[in-house]
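J.: For reference, the structure I am asking about is given below.
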Amino acid sequence: MKRILTMQDLSCLGKCSLTVILPVLSTMGVECAVLPTAVLSTHTGFPGPHVIDLTQQISPIIDHWSTLNVAFSGILTGYQANPAQAAMAQSLIDRFGGEDCLTICDPAMADHGKLYSGLTPEMVGAMRTLCLKADLCLPNITEGALLAGLPYRPTADEGYCREVAQALHGKGLSSVLLTGMEQSPGKTGFFWSDGHNTYAHSTDKLPRICHGTGDLFAAVVMGARMRGLDVPKSGALAAEFVKRCIAGTGEDSRYGVAFEPELKWLANQLDCHV
Ligand code: PXL
């Protein structure tokens, strides 16, 4: 069984980040070690979360692991509470990344044209530097525009996604999968480019916006890559899974996406026995 490491927060209420990634990766037959960056009473979509910032604990944890001769087949970074944590994620990749380790960076910092509550504009540069270290980055279209330094467009057709991806390659990012593409009205999908090959995926858009879908998408992509799928197939699996989960989510989407009923479907796609 492959073992990966993920570095992101633990939001106690409102499914996202670690509370989504761990069950998804277990279902996909991938072991997941965690480096928690902060504990929040809720994710930042709820007003006034209590935040226990673990920035000072990250280096001692990495230092301890460094004495243990441990190795990871993948590293997935997600939400970082501040630019210092994004810098520490780089150190983590320097220490445990490498040829046999697939590094995926989800620059989870913004959506719908603006940064998440509590994050400062310095986060953009810090995330860009972190993304330079990744084999694959998974920005949504807001994050892609911020990282590329391009104006955000609420409707991102394939041409715009191509433009954003090119600008990101120009900034040194190697492989970029942009989520939230709207190839035509009523559709949603993603655009992937590694600078040589591109792939566009489109499916019917459900008229719902749910919290934590990016984290779900990233978890499935990492799991699928660990199970041997290529990037387009991993993205397509993630897109289908997220769509099924959104379809089954109730009215109050602050609690996150109802992914639990769909885990069995996900396992079946991979022929896992859970
Ligand atoms: O889903 C991304 C995410 C992760 N972690 C925290 C968040 C968010 C999005 O708002 O607030 C703490």
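Ordered as shown in the structure tokens, chains take letters A, B, and onward, while each chain numbers its residues from 1 and ligands are numbered from 1 in the order shown.
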Can you list, as a ChimeraX atom specification, every protein, DNA or RNA residue that comes within 7 Å of range 131-139 of chain A when you count only C-alpha atoms, leaving out same-chain residues fewer than 6 positions away?
T.: /A:102-107,172-179
J.: Skip Met88 in chain A itself and residues of its chain fewer than 6 positions away, then list as a PyMOL selection string all residues within 10 Å of it, counting only C-alpha atoms.
T.: chain A and resi 7+37+55+58-59+62+80+94+130
J.: Using only C-alpha atoms and all ligand atoms, can you tell me which of A:Ile4, A:Val24, A:Cys210, A:Leu150 comes closest to ligand 1?
T.: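 Checking each candidate against ligand 1, we get A:Cys210 as the closest.
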J.: Kindly compile the residues surrounding ligand 1 within 8 Å, counting only C-alpha atoms and all ligand atoms, and format them as a list in words.
T.: Gln8, Asp9, Leu10, Ser11, Cys16, Ser17, Leu40, Thr42, His43, Thr44, Gly45, Gly78, Tyr79, Gln80, Ala81, Ala108, Met109, Ala110, Tyr116, Ser117, His211, Gly212, Thr213, Gly214 and Asp215 of chain A
J.: Let me make sure I understand: among A:Ala239, A:Val34, A:Cys161, A:Ala200, which one has the smallest atom-to-atom distance to Ala148 in chain A if we use only C-alpha atoms?
T.: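 The shortest atom-to-atom distance to Ala148 in chain A comes from A:Cys161.
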J.: List every residue of range 107-136 of chain A that DSSP, applied to the backbone of this structure, places in strand (DSSP E or B), and write the result as a list in words.
T.: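 DSSP on the backbone gives strand (DSSP E or B) at Ala110, Asp111, Lys114, Leu115 and Leu136 of chain A.
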J.: Can you tell me which residues surround Val221 in chain A at a distance of at most 7 Å, considering only C-alpha atoms, apart from same-chain residues fewer than 2 positions away, and format the answer as a PyMOL selection string?
T.: chain A and resi 217-219+223-225+234-235+238
J.: Write out as a PyMOL selection string each polymer residue whose atoms come within 10 Å of range 250-253 of chain A, counting only C-alpha atoms; drop sequence neighbours fewer than 2 positions from it.
T.: chain A and resi 14-15+208-212+246-248+255-258
J.: Please return, as a PyMOL selection string, all residues of range 3-125 of chain A that DSSP assigns to helix (DSSP H, G or I) on the basis of the backbone.
T.: chain A and resi 17-27+55-66+83-96+122-125
J.: Would you compute the distance between CA of Thr67 in chain A and CA of Asp100 in chain A? Give it in Å to one decimal.
T.: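 These atoms are spaced 19.4 Å apart.
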J.: So which residues touch range 69-72 of chain A within 8 Å, counting only C-alpha atoms, skipping near sequence neighbours fewer than 3 positions away, as a ChimeraX atom specification?
T.: /A:2-5,65-66,75,96-97,101
J.: Give me a file of those residues, with all heavy atoms, as a compact mmCIF listing (two decimals), in the first residue's frame.
T.:
# COMPACT_ATOMS: atom_id res chain seq x y z
N LYS A 2 0.51 2.20 -0.87
CA LYS A 2 1.29 3.45 -0.92
C LYS A 2 0.99 4.30 0.32
O LYS A 2 -0.13 4.30 0.82
CB LYS A 2 0.90 4.24 -2.17
CG LYS A 2 1.27 3.56 -3.49
CD LYS A 2 2.61 4.08 -3.96
CE LYS A 2 3.16 3.34 -5.16
NZ LYS A 2 2.49 3.63 -6.40
N ARG A 3 2.01 5.03 0.77
CA ARG A 3 1.84 5.94 1.91
C ARG A 3 2.09 7.37 1.42
O ARG A 3 3.14 7.64 0.83
CB ARG A 3 2.83 5.61 3.02
CG ARG A 3 2.74 6.59 4.21
CD ARG A 3 3.86 6.41 5.21
NE ARG A 3 3.93 5.03 5.65
CZ ARG A 3 4.97 4.23 5.39
NH1 ARG A 3 6.01 4.68 4.73
NH2 ARG A 3 4.95 2.99 5.80
N ILE A 4 1.15 8.25 1.67
CA ILE A 4 1.39 9.67 1.36
C ILE A 4 1.35 10.49 2.64
O ILE A 4 0.93 10.01 3.70
CB ILE A 4 0.38 10.22 0.32
CG1 ILE A 4 -1.00 10.43 0.94
CG2 ILE A 4 0.29 9.35 -0.91
CD1 ILE A 4 -1.60 11.77 0.61
N LEU A 5 1.74 11.74 2.49
CA LEU A 5 1.71 12.68 3.61
C LEU A 5 0.92 13.90 3.17
O LEU A 5 1.12 14.40 2.05
CB LEU A 5 3.15 13.09 3.95
CG LEU A 5 3.33 14.26 4.91
CD1 LEU A 5 2.75 13.93 6.27
CD2 LEU A 5 4.81 14.61 5.02
N TRP A 65 10.59 13.36 12.23
CA TRP A 65 10.47 12.40 11.13
C TRP A 65 11.82 12.18 10.43
O TRP A 65 12.11 11.09 9.96
CB TRP A 65 9.44 12.89 10.10
CG TRP A 65 8.02 12.77 10.56
CD1 TRP A 65 7.54 12.01 11.59
CD2 TRP A 65 6.88 13.45 10.02
NE1 TRP A 65 6.17 12.16 11.71
CE2 TRP A 65 5.74 13.04 10.76
CE3 TRP A 65 6.70 14.37 8.98
CZ2 TRP A 65 4.45 13.51 10.50
CZ3 TRP A 65 5.42 14.83 8.71
CH2 TRP A 65 4.32 14.41 9.46
N SER A 66 12.60 13.27 10.39
CA SER A 66 13.90 13.16 9.70
C SER A 66 14.83 12.17 10.37
O SER A 66 15.77 11.67 9.76
CB SER A 66 14.58 14.53 9.64
OG SER A 66 13.78 15.41 8.89
N ILE A 75 3.16 13.64 -1.59
CA ILE A 75 2.92 14.72 -0.63
C ILE A 75 1.82 15.59 -1.21
O ILE A 75 1.89 16.01 -2.36
CB ILE A 75 4.19 15.58 -0.38
CG1 ILE A 75 5.30 14.73 0.25
CG2 ILE A 75 3.87 16.78 0.51
CD1 ILE A 75 6.62 15.48 0.45
N PHE A 96 11.34 15.52 2.09
CA PHE A 96 10.75 14.20 1.82
C PHE A 96 10.33 14.00 0.37
O PHE A 96 9.92 12.90 0.00
CB PHE A 96 9.54 13.95 2.74
CG PHE A 96 9.92 13.82 4.18
CD1 PHE A 96 9.65 14.83 5.07
CD2 PHE A 96 10.57 12.69 4.64
CE1 PHE A 96 10.01 14.72 6.40
CE2 PHE A 96 10.93 12.56 5.96
CZ PHE A 96 10.65 13.59 6.85
N GLY A 97 10.39 15.06 -0.45
CA GLY A 97 10.02 14.91 -1.86
C GLY A 97 11.16 14.24 -2.63
O GLY A 97 12.05 13.65 -2.04
N CYS A 101 8.60 10.48 -5.30
CA CYS A 101 7.50 11.07 -4.52
C CYS A 101 6.74 12.05 -5.40
O CYS A 101 7.33 12.98 -5.95
CB CYS A 101 8.09 11.76 -3.29
SG CYS A 101 6.86 12.60 -2.29
J.: Between A:Leu206, A:Lys233, A:Ala84, A:Ala33, which is the closest to Leu270 in chain A once you count only C-alpha atoms?
T.: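 Ranking A:Leu206, A:Lys233, A:Ala84, A:Ala33 by distance to Leu270 in chain A, first place goes to A:Lys233.
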J.: Check the smallest atom-to-atom distance from each of A:Pro60, A:Gly98, A:Pro151, A:Gly118 to Gly74 in chain A using only C-alpha atoms, then report the winner.
T.: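 With only C-alpha atoms as the atom set, the closest residue is A:Gly98.
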J.: From the list A:Tyr160, A:Asp194, A:Ser202, A:Met222, which residue is nearest Cys32 in chain A when using only C-alpha atoms?
T.: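 Nearest candidate to Cys32 in chain A out of A:Tyr160, A:Asp194, A:Ser202, A:Met222: A:Met222.
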J.: Set the distance at 10 Å and use only C-alpha atoms: which residues neighbour Gln57 in chain A once local chain neighbours fewer than 4 positions away are removed? I'd like the list as a PyMOL selection string.
T.: chain A and resi 35-38+53+61-62
J.: Okay, now the selection with N, CA and C atoms, as a tab-separated table (two decimals), in the first residue's frame?
T.:
chain	number	residue	atom	x	y	z
A	35	LEU	N	0.31	16.12	8.63
A	35	LEU	CA	1.02	17.20	9.32
A	35	LEU	C	0.00	18.33	9.48
A	36	PRO	N	-0.65	18.40	10.66
A	36	PRO	CA	-1.69	19.42	10.85
A	36	PRO	C	-1.07	20.79	11.08
A	37	THR	N	-1.58	21.78	10.38
A	37	THR	CA	-1.00	23.13	10.44
A	37	THR	C	-1.76	24.04	11.40
A	38	ALA	N	-3.00	23.69	11.67
A	38	ALA	CA	-3.81	24.50	12.58
A	38	ALA	C	-5.04	23.68	12.94
A	53	ASP	N	-3.16	28.00	16.09
A	53	ASP	CA	-2.15	28.01	15.02
A	53	ASP	C	-0.98	27.11	15.44
A	61	ILE	N	8.13	18.67	14.22
A	61	ILE	CA	7.56	17.41	13.69
A	61	ILE	C	8.40	16.92	12.51
A	62	ILE	N	8.75	17.83	11.62
A	62	ILE	CA	9.57	17.44	10.45
A	62	ILE	C	10.93	16.93	10.95
